[in-house]
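Visitor: The structure that follows is given in the form of structure tokens.
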Amino acid sequence: MSVLLFVLLLLAMSAFFSGSETALTATSRARMRSMEEKGVKSAGAVIRLTENKERLIGAILLGNNLVNILASALTTSVFAAMFPGGAGVAIATAVMTVLVLVFSEVAPKTAAIARPDPFAMAVARPMAFLVRLLAPITGVIQFIVRSTLRLFGLDVSAQAQVLSATEELIGAVELHHEEGAMDKHARDLLRGALELDEISVEEIMRHRKNIEMLDADKPVLEIVEAVLASNHTRIPLYAEEPDNVVGVLHAKDLLRAIWANGNKVDGLDVTAIAMPPYFVPETTTLQEQLDAFKANQQHFALVVDEYGSIQGLVTLEDILEEIVGEIEDEYDAPVVGVRKQPDGSVVVDGDVTIRDLNRTLDWRLPDEEAVTIAGLVIHEARTIPDIGQVFSFFGFRFEVLKKRRNQVTSLRIAPVVEPA
């Protein structure tokens, strides 16, 4: 009877080790940190215990294997005495397999995974004592394991993380969205904030052909009329050619100058009124540009390539829209370029960016090699397609609807339906 009770005690200890392993590895250190800041002391114990996961797992596995092997050995000796020959060993193996699997593995791990935080906080202190008690043995085991792995070319001493903190957060956001715990708007907002360091201004800028610019050599009256007719408050001024931007004219500065000139435009020097142009390279990340905007008190920058040619412009609003979504004021035109069709396809203008299309339709088209959807088709087709040509890649069907010279201006996109 005493042997039976001792075996049951060993099985209970095995259940403790198994449940502790699952709870301590499944619990979130971020949640524990938040609870610790609220005064929950056991949450701090969990954080300290999980700082060295290799030592923790080593102690848990050592304790779990010791109690399981000891329980199996005692049970085998009892059944071998009761049933001479090989029958006792076979019965002991079957009984211990069922007991260990059900009561020492599946049951405690299921309970731990269902409520990892309370379970982890409950076992943190006794487990911390056992980790310190078994530290000398686990230290030797770690040395042997690392030395063995080093023979096969695997060095785990550096413990380098495969994913950065940002990538881990993005993965967590995507997981919560796929599981339905986070809606699309919240997912887009968090991803936009986390990806500012990975997106360059080239990917979100307004292309040079869509920039509203004014010739500084035009009569002042024409410039004033153009500023009043524009929906923009800041307009670049160029001299002789569009690449030679000499300033950025702000509508408010122009109004002040006209007021100071007795409400007359004659004699005004718009170049003197304009602000100096602010140029940034196209490889600048959005996080760097956002920091630069704040440091320089700027809202508007012209994007140039490695040769100094103007490629487009980027504003503070463009960067903020990458986080919070489209921001429309009373002068913005409705967003165009993406039109859903009754048959489930989508007609898209060629200059729509891949990021905007992915955000709008919750797609995952790659944007590493191209910025616009037309650029993606040209890159994958390795040619400039003709009207009517159809391509299939990345799980979508792309049909060229319109084209202007070498520019694809309209496409029909539909998900490819795999045959049953």
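Ligands are numbered from 1 in the order shown, chains are lettered A, B, ... in the order of the structure tokens, and residues start at 1 in each chain.
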Within 6 Å of Leu411 of chain A, counting only C-alpha atoms, which residues show up once you throw out same-chain ones fewer than 4 positions away? Write them as a PyMOL selection string, please.
Guide: chain A and resi 347-348+399-401
Visitor: Give me, as a PyMOL selection string, all polymer residues having an atom no more than 6 Å from segment 54-68 of chain A, counting only C-alpha atoms and skipping those fewer than 3 positions away in the same chain.
Guide: chain A and resi 10+14+17+71+131+138
Visitor: Can you list, as an MDAnalysis selection string, every residue of segment 205-393 of chain A that DSSP puts in strand (DSSP E or B)?
Guide: chainID A and resid 206:207 214:215 234:238 245:250 275 279:281 285 300:304 310:315 338:340 346:349 353 372 390:393
Visitor: Give me, as an NGL selection string, all polymer residues having an atom no more than 7 Å from segment 168-177 of chain A, counting only C-alpha atoms and skipping those fewer than 6 positions away in the same chain.
Guide: :A and (183-184 or 187 or 191)
Visitor: I need the residue nearest Asn263 of chain A from this list: A:Gly19, A:Arg132, A:Thr383, A:Val224. Use only C-alpha atoms for the distance.
Guide: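 Checking each of A:Gly19, A:Arg132, A:Thr383, A:Val224 against Asn263 of chain A, counting only C-alpha atoms, the winner is A:Val224.
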Visitor: Could you check the closest approach to Pro108 of chain A for each of A:Ala181, A:Ala23, A:Ile323, A:Ala90 and tell me which residue wins, using only C-alpha atoms?
Guide: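 Selected residue with least distance to Pro108 of chain A: A:Ala23.
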Visitor: Determine the nearest neighbour of Val3 of chain A from the options A:Ala43, A:Ala301, A:Asp351, A:Thr75, counting only C-alpha atoms.
Guide: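 Using only C-alpha atoms, Val3 of chain A sits closest to A:Thr75.
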Visitor: Enumerate, as a ChimeraX atom specification, the complete set of residues in segment 134-297 of chain A that a backbone-based DSSP assignment places in alpha helix (DSSP H).
Guide: /A:135-151,165-178,184-194,220-229,251-260,270-273,286-296
Visitor: Nearest to Asn210 of chain A: which of A:Ala186, A:Leu313, A:Ala128, A:Val140 is it, counting only C-alpha atoms?
Guide: A:Leu313
Visitor: State, in Å with one decimal place, the distance from atom CA of Phe79 of chain A to atom CA of Ser18 of chain A.
Guide: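 Rounded to one decimal, the two atoms are 25.9 Å apart.
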Visitor: With only C-alpha atoms as the atoms that count, which of A:Thr93, A:Gln297, A:Ser309, A:Gln289 lies nearest to Glu241 of chain A?
Guide: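 Among A:Thr93, A:Gln297, A:Ser309, A:Gln289, it is A:Ser309 that comes nearest to Glu241 of chain A.
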